[in-house]
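*Asks:* Can you read through this structure? Questions will come right after.
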Amino acid sequence: MRVSVSWLREYVDLPADLPTGDLEQALVDLGIEVESVVDLAESVTGQLVVGEVREIEELTGFKKPIRFCRVDVGAANGTGEPQEIVCGARNFAPGDRVVVILPGGVLPGGFAIGARKTYGHNSAGMICSAKELGLGDDHSGIIVLGPDVTAKPGDDARPVVGLDDVVLDLEITPDRGYALSLRGLARELSHAFEVPLRDPALAPAPGGTETPAYPVEVRDPVGCDRFTARLVRGVDPTAPTPSWMAQRLVTAGIRSISLPVDITNYVMLELGQPMHAFDADRIAGPLVVRRAEAGEKLTTLDGVSRVLTADDMVICDDTGPISLAAVMGGETSEVVTGGTTNVLFEAAHWDPAMVGRTARRHKLFSEAAKRWERGVDPAVALVALERAVRLLTEHGGGTPSAEILDIDHVRPRTPISLPADLPTRRVGVEYPPARVVALLERVGCTVAQGADRLSEDPGAVGVASGVGTVLSVTPPTWRPDLTDPADLVEEVVRLDGYDKVPSVLPTAPPGRGLTPRQRRRRAVANSLAERGYVEVLAHPFVSPELADQLGLPADDPRRPAVRLANPLSEEEPLLRTTLLGPLLGILKRNLGRGHRDLALYEIGAVFHPRVGAGSPPAMGVDRRPTDAEFAAADAVVPAQPVHVAVVLTGDIDPAGWWGPGRPAGWADAIEAARDVLAAAGIPDERVEVRAAEYAPWHPGRCAELRVDGSVVGHAGELHPLVVAALELPRRTCAMELNLDALPPTPVRPAPTVSGFPPALIDVALVLDDSVPAEQVRRALEAGAGELLEDVRLFDVYSGAQLGEGRRSLAYKLTFRAPDRTLTVEEAVAARDAAVAVAAERLGATLRGA
């Protein structure tokens with residue numbers, strides 16, 4: 001949220017000489033994150049003056065409209081003659097007053113302004129837009145000053161456009177929706193500096209009348225527990241928004257549209273109450289507030305036709321939905337600039353959960369929706385209505401109706417029982433009961449003393465043994481986040497000062513460190529990174545269509561997925577059951593950005609629902625859950641094994657002057673799986689690689705990885721249909737292993753290092769091409785005995801001379817003895833024994849024998 005300090009000073013008496021650093025620190029101490037504090041006076045250097053457009057010459061023959069302007073800048077340019085400026089904006093005419101920066105000035109971002117020849121004309125300076133001055137994001141046209149501005153050509157434009165102010169850019173956390181308003185921020189600063197607050201919500205406002213301002217029926221008092229409205233007739237449709245209001249809206253990042261609409265946005269920023277303005281003449285019949293019917297359509301103000309669901313709230317007239325309640329109005333009833341004379345203002349109170357779901361479903365994160373899902377004060381609706389009506393009649397004329405609609409179903413706040421010594425016991429800092437009461441009343445709570453109780457912890461800091469006081473605390477209407485004693489404790493600590501809470505670091509117990517699971521995870525990550533794989537972190541959310549895109553069979557255990565109750569996106573409401581879906585999405589995104597050779601990996605949890613687990617028990621925050629409650633909750637939580645996955649495409653070995661690159665293949669994915677198992681501490685002799693058929697891999701190029709006979713993962717080339725469905729390159733390869741399925745790392749003795757030379761012997765075996773190379777390797781190891789140090793496959797050959805269905809596998813055997821140099825006879829005997837076992841088990845024969 002962006003807000004000017006001068007606007008804040010209208011509601012709170014901040015010190016006149018308050019340094020910006022002290023203001024920033026006060027907000028941070030209150031728990032409000034400050035993105036930036038900008039002194040606008042220092043953001044633009046040089047001469048920034050008011051100018052009056054005298055002449056405009058339209059230039060033709062260019063790709064875009066260009067105008068050559070002569071602008072009166074008074075004596076600011078030293079000559080008194082009109083300044084010649086080339087400009088591409090179209091939203092101004094001769095006689096309009098604009099903001100001009102003269103040569104030598106510098107705009108935000110270090111953009112220096114000079115005199116130059118462009119489009120065949122001399123241009124000295126620039127006519128500025130709000131975005132160029134750093135006042136907002138609107139770059140659709142330049143700033144045109146309103147008729148209420150008294151500045152003359154040549155006057156300094158900084159005070160006119162608000163560049164003599166300080167602007168705060170704040171990040172408001174979701175639990176502090178009240179701070180998304182000048183009213184809320186002023187209240188917080190009044191606490192910090194202990195200065196008076198002028199609460200704009202305390203302004204007098206008439207209540208509802210027996211005769212409503214407009215016939216309205218609220219059919220869902222849960223989704224909308226308050227609805228107020230008032231009509232203003234005879235408004236001047238051409239009345240402009242006053243410059244001071246437009247300036248404040250621009251500073252806040254809101255584009256000025258028309259006077260009635262700008263007033264609703266202004267009141268929203270001031271009081272925190274989102275409003276809507278209807279063109280009363282474009283409404284057909286009475287209004288009905290209800291849930292939408294599935295399949296209903298509404299074209300919102302952004303021009304998008306939206307299909308509604310039964311969870312959406314809408315405001316309807318006789319023609320159907322005319323507004324997506326609390327999110328965005330509809331086109332059919334919008335206020336038309338220059339045409340609306342009768343305005344119906346609406347200020348309501350909507351269910352925050354409903355608004356949040358609707359905004360995410362339709363991807364409409366408007367300023368109003370942002371406030372509704374964080375909580376809005378239901379008691380301020382009539383004040384906001386009165387404020388909007390007064391602003392409209394003052395600046396746009398018109399006559400407000402005497403009738404005021406107020407449908408009020410708001411439930412009173414429930415008091416919270418708070419032991420007076422609870423803040424002290426929870427935080428370890430002395431908070432006397434009188435201090436606790438004073439701080440809670442400063443927040444706006446109503447505090448009454450309830451029943452007494454025995455202290456739960458007589459030995460706690462500052463708590464005397466015996467009887468303690470229980471406070472009955474009723475939170476204010478503008479703080480819907482205060483629902484439990486813990487929330488009240490947090491407010492006491494926050495307002496008293498986080499700096500008063502000592503930092504005490506716990507003593508680390510000796511002899512502990514990383515757990516075996518953590519050590520294994522780090523070892524696997526380091527191993528893949530050392531081999532050139534890049535780690536990515538994907539969102540664990542997937543779409544329901546992903547299972548079909550990956551070609552998972554109907555009975556595949558990866559098909560059932562956990563559905564989130566409140567997903568970030570309705571398009572991805574499920575938790576992943578495999579790492580490959582999100583990981584392949586990241587691969588596709590990087591391919592779209594020009595990368596071609598990619599090797600990515602991720603280590604993360606997947607989520608498998610527990611069938612028939614039911615719902616978790618309801619647990620409060622007033623006490624620690626019992627062991628039975630913990631067990632019942634754990635029984636519902638989905639299984640979350642940790643997996644590791646890699647994806648490869650393009651060249652695994654780069655091309656260069658040394659020759660062409662080598663494309664990644666299924667063997668590289670299998671080798672990545674072997675590397676992971678080795679890094680996880682699994683001995684190679686316990687690992688077995690077999691051919692398999694498992695989605696989403698190619699049935700002829702898929703391997704399953706087994707440890708001690710149990711399948712722990714798969715690797716190979718993805719199925720062509722999967723590659724086509726996900727729009728990935730051909731021959732994309734992948735691997736996924738379940739790290740939690742691996743047995744504990746065994747304790748391995750230190751290897752014996754021999755100082756004697758090795759004997760290297762190559763053997764080429766001919767056998768059926770259906771025999772896996774892994775089985776051949778194991779047979780050679782079994783036959784060679786203890787003298788075999790290493791066996792490695794280095795060549796695969798098939799041809800007509802070997803016969804159909806036959807192939808040759810060539811292995812390099814390394815023999816070494818720990819205590820002597822092997823003789824030729826010993827090495828050959830070990831080689832022959834290895835070949836003999838391969839022949840006995842697999843029918844292998846020596847090539848050329």
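Convention: chains lettered A, B, ... in structure tokens order; per-chain residue numbering from 1; ligands numbered from 1 as shown.
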According to DSSP computed on the backbone, where in stretch 4-237 of chain A is there helix (DSSP H, G or I)? Give the residues as a VMD selection string.
*Replies:* chain A and resid 5 to 8 20 to 29 40 to 42 158 to 161 177 to 179 182 to 193 200 to 202
*Asks:* Got a sec: who's within 12 Å of A:Val250, counting only C-alpha atoms, leaving out chain neighbours fewer than 6 positions off, as a PDB file with N, CA, C and O atoms, in the first residue's frame?
*Replies:*
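This is the output file part_0.pdb:
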```pdb
ATOM      1  N   MET A   1       0.854  -1.191   0.000  1.00  0.00           N
ATOM      2  CA  MET A   1       0.000   0.000   0.000  1.00  0.00           C
ATOM      3  C   MET A   1       0.884   1.232   0.000  1.00  0.00           C
ATOM      4  O   MET A   1       1.828   1.337   0.787  1.00  0.00           O
ATOM      5  N   ARG A   2       0.581   2.187  -0.896  1.00  0.00           N
ATOM      6  CA  ARG A   2       1.314   3.447  -0.969  1.00  0.00           C
ATOM      7  C   ARG A   2       0.447   4.562  -0.392  1.00  0.00           C
ATOM      8  O   ARG A   2      -0.725   4.684  -0.746  1.00  0.00           O
ATOM      9  N   VAL A   3       1.037   5.380   0.468  1.00  0.00           N
ATOM     10  CA  VAL A   3       0.274   6.445   1.097  1.00  0.00           C
ATOM     11  C   VAL A   3       1.209   7.603   1.398  1.00  0.00           C
ATOM     12  O   VAL A   3       2.388   7.411   1.725  1.00  0.00           O
ATOM     13  N   SER A   4       0.705   8.833   1.255  1.00  0.00           N
ATOM     14  CA  SER A   4       1.517  10.014   1.522  1.00  0.00           C
ATOM     15  C   SER A   4       1.420  10.400   2.988  1.00  0.00           C
ATOM     16  O   SER A   4       0.369  10.257   3.631  1.00  0.00           O
ATOM     17  N   SER A 129       4.155  12.392 -17.679  1.00  0.00           N
ATOM     18  CA  SER A 129       3.051  11.559 -17.186  1.00  0.00           C
ATOM     19  C   SER A 129       3.300  11.226 -15.722  1.00  0.00           C
ATOM     20  O   SER A 129       4.382  11.467 -15.180  1.00  0.00           O
ATOM     21  N   ALA A 130       2.293  10.639 -15.081  1.00  0.00           N
ATOM     22  CA  ALA A 130       2.439  10.275 -13.667  1.00  0.00           C
ATOM     23  C   ALA A 130       3.518   9.222 -13.483  1.00  0.00           C
ATOM     24  O   ALA A 130       4.292   9.265 -12.517  1.00  0.00           O
ATOM     25  N   LYS A 131       3.618   8.274 -14.421  1.00  0.00           N
ATOM     26  CA  LYS A 131       4.625   7.232 -14.293  1.00  0.00           C
ATOM     27  C   LYS A 131       6.024   7.797 -14.437  1.00  0.00           C
ATOM     28  O   LYS A 131       6.941   7.388 -13.710  1.00  0.00           O
ATOM     29  N   LEU A 133       7.046  10.635 -13.548  1.00  0.00           N
ATOM     30  CA  LEU A 133       7.399  11.378 -12.333  1.00  0.00           C
ATOM     31  C   LEU A 133       7.468  10.483 -11.111  1.00  0.00           C
ATOM     32  O   LEU A 133       7.748  10.965 -10.007  1.00  0.00           O
ATOM     33  N   GLY A 134       7.222   9.181 -11.299  1.00  0.00           N
ATOM     34  CA  GLY A 134       7.260   8.263 -10.173  1.00  0.00           C
ATOM     35  C   GLY A 134       6.063   8.361  -9.257  1.00  0.00           C
ATOM     36  O   GLY A 134       6.123   7.938  -8.100  1.00  0.00           O
ATOM     37  N   LEU A 135       4.939   8.908  -9.761  1.00  0.00           N
ATOM     38  CA  LEU A 135       3.752   9.092  -8.924  1.00  0.00           C
ATOM     39  C   LEU A 135       2.760   7.945  -9.028  1.00  0.00           C
ATOM     40  O   LEU A 135       1.777   7.903  -8.287  1.00  0.00           O
ATOM     41  N   GLY A 136       2.975   7.037  -9.949  1.00  0.00           N
ATOM     42  CA  GLY A 136       2.044   5.930 -10.133  1.00  0.00           C
ATOM     43  C   GLY A 136       2.439   5.135 -11.358  1.00  0.00           C
ATOM     44  O   GLY A 136       3.494   5.360 -11.965  1.00  0.00           O
ATOM     45  N   ASP A 137       1.572   4.197 -11.749  1.00  0.00           N
ATOM     46  CA  ASP A 137       1.858   3.325 -12.891  1.00  0.00           C
ATOM     47  C   ASP A 137       1.127   3.736 -14.157  1.00  0.00           C
ATOM     48  O   ASP A 137       1.238   3.067 -15.186  1.00  0.00           O
ATOM     49  N   ASP A 138       0.353   4.818 -14.117  1.00  0.00           N
ATOM     50  CA  ASP A 138      -0.430   5.225 -15.284  1.00  0.00           C
ATOM     51  C   ASP A 138       0.472   5.914 -16.298  1.00  0.00           C
ATOM     52  O   ASP A 138       1.050   6.973 -16.031  1.00  0.00           O
ATOM     53  N   HIS A 139       0.598   5.291 -17.469  1.00  0.00           N
ATOM     54  CA  HIS A 139       1.420   5.870 -18.542  1.00  0.00           C
ATOM     55  C   HIS A 139       0.589   6.056 -19.810  1.00  0.00           C
ATOM     56  O   HIS A 139       1.113   6.189 -20.905  1.00  0.00           O
ATOM     57  N   ILE A 143      -0.017  14.216 -17.485  1.00  0.00           N
ATOM     58  CA  ILE A 143      -0.814  14.819 -16.423  1.00  0.00           C
ATOM     59  C   ILE A 143      -1.424  16.122 -16.943  1.00  0.00           C
ATOM     60  O   ILE A 143      -0.708  17.008 -17.419  1.00  0.00           O
ATOM     61  N   VAL A 161       1.669  18.712  -8.017  1.00  0.00           N
ATOM     62  CA  VAL A 161       1.469  17.281  -8.274  1.00  0.00           C
ATOM     63  C   VAL A 161       1.831  16.424  -7.064  1.00  0.00           C
ATOM     64  O   VAL A 161       1.796  15.195  -7.132  1.00  0.00           O
ATOM     65  N   GLY A 162       2.198  17.041  -5.973  1.00  0.00           N
ATOM     66  CA  GLY A 162       2.485  16.287  -4.761  1.00  0.00           C
ATOM     67  C   GLY A 162       3.914  15.806  -4.642  1.00  0.00           C
ATOM     68  O   GLY A 162       4.210  14.898  -3.844  1.00  0.00           O
ATOM     69  N   LEU A 163       4.827  16.412  -5.378  1.00  0.00           N
ATOM     70  CA  LEU A 163       6.228  16.022  -5.283  1.00  0.00           C
ATOM     71  C   LEU A 163       6.959  16.724  -4.142  1.00  0.00           C
ATOM     72  O   LEU A 163       8.181  16.664  -4.068  1.00  0.00           O
ATOM     73  N   VAL A 167       6.305   9.622   0.589  1.00  0.00           N
ATOM     74  CA  VAL A 167       5.398   8.511   0.300  1.00  0.00           C
ATOM     75  C   VAL A 167       5.931   7.241   0.947  1.00  0.00           C
ATOM     76  O   VAL A 167       7.115   6.900   0.805  1.00  0.00           O
ATOM     77  N   SER A 243      -8.315  18.015  -8.136  1.00  0.00           N
ATOM     78  CA  SER A 243      -6.915  17.634  -8.342  1.00  0.00           C
ATOM     79  C   SER A 243      -6.307  17.012  -7.092  1.00  0.00           C
ATOM     80  O   SER A 243      -5.496  16.082  -7.179  1.00  0.00           O
ATOM     81  N   TRP A 244      -6.676  17.507  -5.894  1.00  0.00           N
ATOM     82  CA  TRP A 244      -6.083  16.953  -4.678  1.00  0.00           C
ATOM     83  C   TRP A 244      -6.481  15.494  -4.486  1.00  0.00           C
ATOM     84  O   TRP A 244      -5.701  14.665  -4.010  1.00  0.00           O
ATOM     85  N   SER A 256      -7.226   7.514 -11.813  1.00  0.00           N
ATOM     86  CA  SER A 256      -8.431   8.339 -11.750  1.00  0.00           C
ATOM     87  C   SER A 256      -9.322   8.021 -12.953  1.00  0.00           C
ATOM     88  O   SER A 256      -8.865   8.004 -14.097  1.00  0.00           O
ATOM     89  N   ILE A 257     -10.632   7.772 -12.691  1.00  0.00           N
ATOM     90  CA  ILE A 257     -11.552   7.357 -13.756  1.00  0.00           C
ATOM     91  C   ILE A 257     -12.655   8.391 -13.959  1.00  0.00           C
ATOM     92  O   ILE A 257     -12.793   8.960 -15.035  1.00  0.00           O
ATOM     93  N   ASP A 262     -13.991   7.671  -8.488  1.00  0.00           N
ATOM     94  CA  ASP A 262     -12.840   8.123  -7.704  1.00  0.00           C
ATOM     95  C   ASP A 262     -13.217   8.322  -6.239  1.00  0.00           C
ATOM     96  O   ASP A 262     -12.413   8.060  -5.339  1.00  0.00           O
ATOM     97  N   ASN A 265     -13.152   4.992  -4.447  1.00  0.00           N
ATOM     98  CA  ASN A 265     -11.780   4.560  -4.181  1.00  0.00           C
ATOM     99  C   ASN A 265     -11.146   5.402  -3.078  1.00  0.00           C
ATOM    100  O   ASN A 265     -10.387   4.890  -2.247  1.00  0.00           O
ATOM    101  N   TYR A 266     -11.457   6.693  -3.068  1.00  0.00           N
ATOM    102  CA  TYR A 266     -10.901   7.582  -2.048  1.00  0.00           C
ATOM    103  C   TYR A 266     -11.413   7.187  -0.658  1.00  0.00           C
ATOM    104  O   TYR A 266     -10.639   7.115   0.308  1.00  0.00           O
ATOM    105  N   LEU A 269      -9.682   4.046   0.562  1.00  0.00           N
ATOM    106  CA  LEU A 269      -8.348   4.284   1.108  1.00  0.00           C
ATOM    107  C   LEU A 269      -8.434   4.981   2.464  1.00  0.00           C
ATOM    108  O   LEU A 269      -7.636   4.707   3.361  1.00  0.00           O
TER     109      LEU A 269
END
```
*Asks:* Near A:Ala277, counting only C-alpha atoms, which residues have an atom at most 12 Å away, once you skip same-chain residues fewer than 3 positions from it, shown as a ChimeraX atom specification?
*Replies:* /A:229-232,258-265,267,274,280-283,322-323,328-331,333-336,340-348,385,388-389,392
*Asks:* Dump N, CA and C atoms for the selected residues as a compact mmCIF listing (two decimals), in the first residue's frame?
*Replies:*
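What follows is the written file out04.txt:
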```txt
# COMPACT_ATOMS: atom_id res chain seq x y z
N ALA A 229 -27.13 1.53 1.33
CA ALA A 229 -27.16 2.20 0.03
C ALA A 229 -27.83 3.56 0.18
N ARG A 230 -27.44 4.49 -0.71
CA ARG A 230 -28.07 5.82 -0.74
C ARG A 230 -27.96 6.37 -2.16
N LEU A 231 -28.97 7.12 -2.57
CA LEU A 231 -29.07 7.62 -3.93
C LEU A 231 -28.80 9.12 -3.98
N VAL A 232 -28.04 9.54 -5.00
CA VAL A 232 -27.81 10.96 -5.25
C VAL A 232 -28.31 11.26 -6.67
N SER A 258 -13.47 8.62 -12.95
CA SER A 258 -14.53 9.61 -12.99
C SER A 258 -14.82 10.01 -11.55
N LEU A 259 -15.53 11.10 -11.37
CA LEU A 259 -15.74 11.60 -10.02
C LEU A 259 -16.43 10.57 -9.11
N PRO A 260 -17.57 9.96 -9.49
CA PRO A 260 -18.20 9.00 -8.56
C PRO A 260 -17.31 7.79 -8.25
N VAL A 261 -16.64 7.27 -9.27
CA VAL A 261 -15.78 6.11 -9.04
C VAL A 261 -14.57 6.51 -8.20
N ASP A 262 -13.99 7.67 -8.49
CA ASP A 262 -12.84 8.12 -7.70
C ASP A 262 -13.22 8.32 -6.24
N ILE A 263 -14.43 8.78 -5.99
CA ILE A 263 -14.86 8.98 -4.60
C ILE A 263 -14.94 7.64 -3.87
N THR A 264 -15.44 6.60 -4.52
CA THR A 264 -15.50 5.29 -3.85
C THR A 264 -14.10 4.78 -3.54
N ASN A 265 -13.15 4.99 -4.45
CA ASN A 265 -11.78 4.56 -4.18
C ASN A 265 -11.15 5.40 -3.08
N VAL A 267 -12.70 6.92 -0.54
CA VAL A 267 -13.27 6.52 0.74
C VAL A 267 -12.71 5.16 1.17
N PRO A 274 -14.49 -0.72 1.17
CA PRO A 274 -14.73 -0.73 -0.28
C PRO A 274 -16.19 -0.41 -0.58
N ALA A 280 -27.87 4.56 -11.45
CA ALA A 280 -29.22 4.15 -11.05
C ALA A 280 -30.16 4.02 -12.24
N ASP A 281 -29.92 4.80 -13.30
CA ASP A 281 -30.80 4.75 -14.46
C ASP A 281 -30.57 3.49 -15.30
N ARG A 282 -29.47 2.78 -15.05
CA ARG A 282 -29.17 1.58 -15.82
C ARG A 282 -29.52 0.30 -15.05
N ILE A 283 -30.16 0.46 -13.89
CA ILE A 283 -30.60 -0.70 -13.11
C ILE A 283 -32.06 -0.97 -13.42
N ILE A 322 -25.46 -8.08 -12.13
CA ILE A 322 -24.89 -6.82 -12.60
C ILE A 322 -23.61 -6.47 -11.85
N SER A 323 -23.23 -7.32 -10.88
CA SER A 323 -22.00 -7.06 -10.14
C SER A 323 -21.53 -8.35 -9.48
N MET A 328 -15.73 -7.02 -8.26
CA MET A 328 -15.75 -6.07 -9.37
C MET A 328 -17.17 -5.91 -9.89
N GLY A 329 -17.52 -4.69 -10.28
CA GLY A 329 -18.83 -4.42 -10.83
C GLY A 329 -18.97 -4.91 -12.26
N GLY A 330 -20.21 -4.83 -12.75
CA GLY A 330 -20.48 -5.26 -14.11
C GLY A 330 -20.62 -4.10 -15.07
N GLU A 331 -20.49 -4.39 -16.36
CA GLU A 331 -20.54 -3.35 -17.39
C GLU A 331 -21.92 -2.71 -17.50
N SER A 333 -24.15 -1.78 -15.45
CA SER A 333 -24.59 -0.75 -14.49
C SER A 333 -23.47 0.20 -14.10
N GLU A 334 -22.39 0.21 -14.87
CA GLU A 334 -21.26 1.05 -14.50
C GLU A 334 -21.59 2.54 -14.71
N VAL A 335 -20.92 3.35 -13.92
CA VAL A 335 -21.04 4.79 -14.07
C VAL A 335 -20.34 5.22 -15.36
N VAL A 336 -21.06 5.91 -16.22
CA VAL A 336 -20.53 6.32 -17.52
C VAL A 336 -20.04 7.75 -17.42
N THR A 340 -23.69 9.79 -16.58
CA THR A 340 -24.41 9.37 -15.38
C THR A 340 -24.84 10.59 -14.57
N THR A 341 -26.12 10.68 -14.28
CA THR A 341 -26.64 11.79 -13.47
C THR A 341 -27.22 11.34 -12.14
N ASN A 342 -27.62 10.07 -12.04
CA ASN A 342 -28.17 9.54 -10.80
C ASN A 342 -27.29 8.38 -10.33
N VAL A 343 -26.67 8.55 -9.17
CA VAL A 343 -25.69 7.60 -8.67
C VAL A 343 -26.23 6.92 -7.42
N LEU A 344 -26.17 5.58 -7.41
CA LEU A 344 -26.53 4.80 -6.24
C LEU A 344 -25.25 4.26 -5.60
N PHE A 345 -24.92 4.77 -4.40
CA PHE A 345 -23.76 4.29 -3.67
C PHE A 345 -24.14 3.07 -2.84
N GLU A 346 -23.27 2.07 -2.85
CA GLU A 346 -23.47 0.86 -2.04
C GLU A 346 -22.25 0.63 -1.17
N ALA A 347 -22.46 0.40 0.13
CA ALA A 347 -21.41 0.02 1.06
C ALA A 347 -21.93 -1.16 1.86
N ALA A 348 -21.29 -2.32 1.70
CA ALA A 348 -21.79 -3.55 2.32
C ALA A 348 -20.68 -4.20 3.13
N LEU A 385 -20.77 5.70 3.59
CA LEU A 385 -21.85 6.15 2.70
C LEU A 385 -22.05 7.65 2.81
N ALA A 388 -19.07 9.52 1.15
CA ALA A 388 -19.13 9.51 -0.31
C ALA A 388 -20.20 10.46 -0.83
N VAL A 389 -21.37 10.48 -0.19
CA VAL A 389 -22.45 11.37 -0.62
C VAL A 389 -22.03 12.83 -0.49
N LEU A 392 -19.54 13.77 -3.23
CA LEU A 392 -20.15 13.87 -4.56
C LEU A 392 -20.98 15.14 -4.69
```
*Asks:* Quick one: residues within 8 Å of A:Lys588, only C-alpha atoms counted, chain neighbours fewer than 2 positions away excluded, as a PyMOL selection string?
*Replies:* chain A and resi 584-586+590-592+726-728
*Asks:* So which residues touch stretch 668-670 of chain A within 12 Å, counting only C-alpha atoms, skipping near sequence neighbours fewer than 3 positions away, as a PDB file with C-alpha atoms, in the first residue's frame?
*Replies:*
```
ATOM      1  CA  LEU A 528      23.735 -34.265  -8.462  1.00  0.00           C
ATOM      2  CA  ARG A 531      27.505 -33.757 -11.949  1.00  0.00           C
ATOM      3  CA  TYR A 533      22.396 -30.846 -12.497  1.00  0.00           C
ATOM      4  CA  ALA A 599      19.633 -31.005 -16.597  1.00  0.00           C
ATOM      5  CA  LEU A 600      17.376 -30.213 -13.614  1.00  0.00           C
ATOM      6  CA  TYR A 601      16.709 -31.931 -10.330  1.00  0.00           C
ATOM      7  CA  ALA A 645      13.767 -36.560  -9.580  1.00  0.00           C
ATOM      8  CA  VAL A 646      15.852 -35.402 -12.535  1.00  0.00           C
ATOM      9  CA  VAL A 647      14.891 -34.395 -16.081  1.00  0.00           C
ATOM     10  CA  LEU A 648      17.240 -34.088 -19.059  1.00  0.00           C
ATOM     11  CA  THR A 649      16.954 -32.738 -22.576  1.00  0.00           C
ATOM     12  CA  GLY A 650      19.395 -31.486 -25.186  1.00  0.00           C
ATOM     13  CA  ASP A 651      23.131 -32.229 -25.014  1.00  0.00           C
ATOM     14  CA  ILE A 652      24.536 -33.774 -21.847  1.00  0.00           C
ATOM     15  CA  ASP A 653      28.078 -33.188 -23.158  1.00  0.00           C
ATOM     16  CA  ARG A 662      26.398 -35.875 -27.054  1.00  0.00           C
ATOM     17  CA  PRO A 663      22.614 -35.775 -26.581  1.00  0.00           C
ATOM     18  CA  ALA A 664      21.196 -36.937 -23.271  1.00  0.00           C
ATOM     19  CA  GLY A 665      19.635 -40.392 -23.388  1.00  0.00           C
ATOM     20  CA  ALA A 673      19.754 -42.911 -10.393  1.00  0.00           C
ATOM     21  CA  ARG A 674      22.913 -44.936  -9.693  1.00  0.00           C
ATOM     22  CA  ASP A 675      24.696 -41.764  -8.567  1.00  0.00           C
ATOM     23  CA  VAL A 676      21.841 -40.961  -6.181  1.00  0.00           C
ATOM     24  CA  LEU A 677      21.920 -44.453  -4.679  1.00  0.00           C
ATOM     25  CA  VAL A 687      21.376 -52.339  -6.445  1.00  0.00           C
ATOM     26  CA  GLU A 688      19.680 -54.040  -9.373  1.00  0.00           C
ATOM     27  CA  VAL A 689      18.531 -52.447 -12.632  1.00  0.00           C
ATOM     28  CA  ARG A 690      15.803 -54.181 -14.638  1.00  0.00           C
ATOM     29  CA  ALA A 691      13.746 -53.398 -17.717  1.00  0.00           C
ATOM     30  CA  TRP A 697       8.284 -43.721 -19.374  1.00  0.00           C
ATOM     31  CA  ARG A 701      13.414 -47.561 -22.619  1.00  0.00           C
ATOM     32  CA  CYS A 702      12.414 -47.719 -18.968  1.00  0.00           C
ATOM     33  CA  ALA A 703      14.340 -49.258 -16.093  1.00  0.00           C
ATOM     34  CA  GLU A 704      13.271 -49.943 -12.552  1.00  0.00           C
ATOM     35  CA  LEU A 705      15.762 -49.536  -9.730  1.00  0.00           C
ATOM     36  CA  ARG A 706      15.705 -52.179  -7.006  1.00  0.00           C
ATOM     37  CA  GLY A 713      12.318 -45.816  -8.482  1.00  0.00           C
ATOM     38  CA  HIS A 714      12.349 -45.676 -12.262  1.00  0.00           C
ATOM     39  CA  ALA A 715      14.441 -44.001 -14.940  1.00  0.00           C
ATOM     40  CA  GLY A 716      14.609 -43.758 -18.699  1.00  0.00           C
ATOM     41  CA  GLU A 717      13.129 -41.944 -21.685  1.00  0.00           C
ATOM     42  CA  LEU A 718       9.639 -40.448 -21.458  1.00  0.00           C
ATOM     43  CA  ARG A 731      13.779 -38.087 -26.267  1.00  0.00           C
ATOM     44  CA  THR A 732      13.325 -36.115 -23.025  1.00  0.00           C
ATOM     45  CA  CYS A 733      14.525 -38.333 -20.160  1.00  0.00           C
ATOM     46  CA  ALA A 734      13.693 -38.459 -16.478  1.00  0.00           C
ATOM     47  CA  MET A 735      14.340 -40.321 -13.241  1.00  0.00           C
ATOM     48  CA  GLU A 736      12.461 -40.458  -9.934  1.00  0.00           C
ATOM     49  CA  LEU A 737      13.444 -42.287  -6.746  1.00  0.00           C
ATOM     50  CA  GLU A 774      23.410 -55.775 -15.356  1.00  0.00           C
TER      51      GLU A 774
END
```
*Asks:* Skip A:Ser798 itself and residues of its chain fewer than 6 positions away, then list as a ChimeraX atom specification all residues within 8 Å of it, counting only C-alpha atoms.
*Replies:* /A:806-808
*Asks:* Under the rule that only C-alpha atoms are counted, which of A:Gly661, A:Gln47, A:Met354, A:Thr477 is the nearest residue to A:Val222?
*Replies:*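 Closest residue, counting only C-alpha atoms: A:Met354.
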*Asks:* Which parts of stretch 147-332 of chain A does DSSP call strand (DSSP E) when run on the backbone here, written out as a ChimeraX atom specification?
*Replies:* /A:166-171,216-218,224-233,276-279,287-291,297-299,305-307,313-317,320-324,328-329
*Asks:* With a distance cut-off of 7 Å and only C-alpha atoms, select the neighbouring residues of stretch 547-559 of chain A, excluding the residue or stretch itself and same-chain residues fewer than 4 positions from it, and output the selection as number ranges by chain.
*Replies:* A: 577, 695-696, 722, 725-726
*Asks:* To one decimal place in Å, what is the distance between atom CA of A:Thr45 and atom CA of A:Gly109?
*Replies:* 11.3 Å
*Asks:* Between A:Thr238, A:Ser43, A:Ser472, A:Thr300, which residue has the minimum interatomic distance to A:Gly110, considering only C-alpha atoms?
*Replies:*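 Comparing A:Thr238, A:Ser43, A:Ser472, A:Thr300 against A:Gly110, the winner is A:Ser43.
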*Asks:* Could you check which of A:Gly320, A:Pro772, A:Pro15, A:Gly125 is closest to A:Gly46, using only C-alpha atoms?
*Replies:* A:Gly125
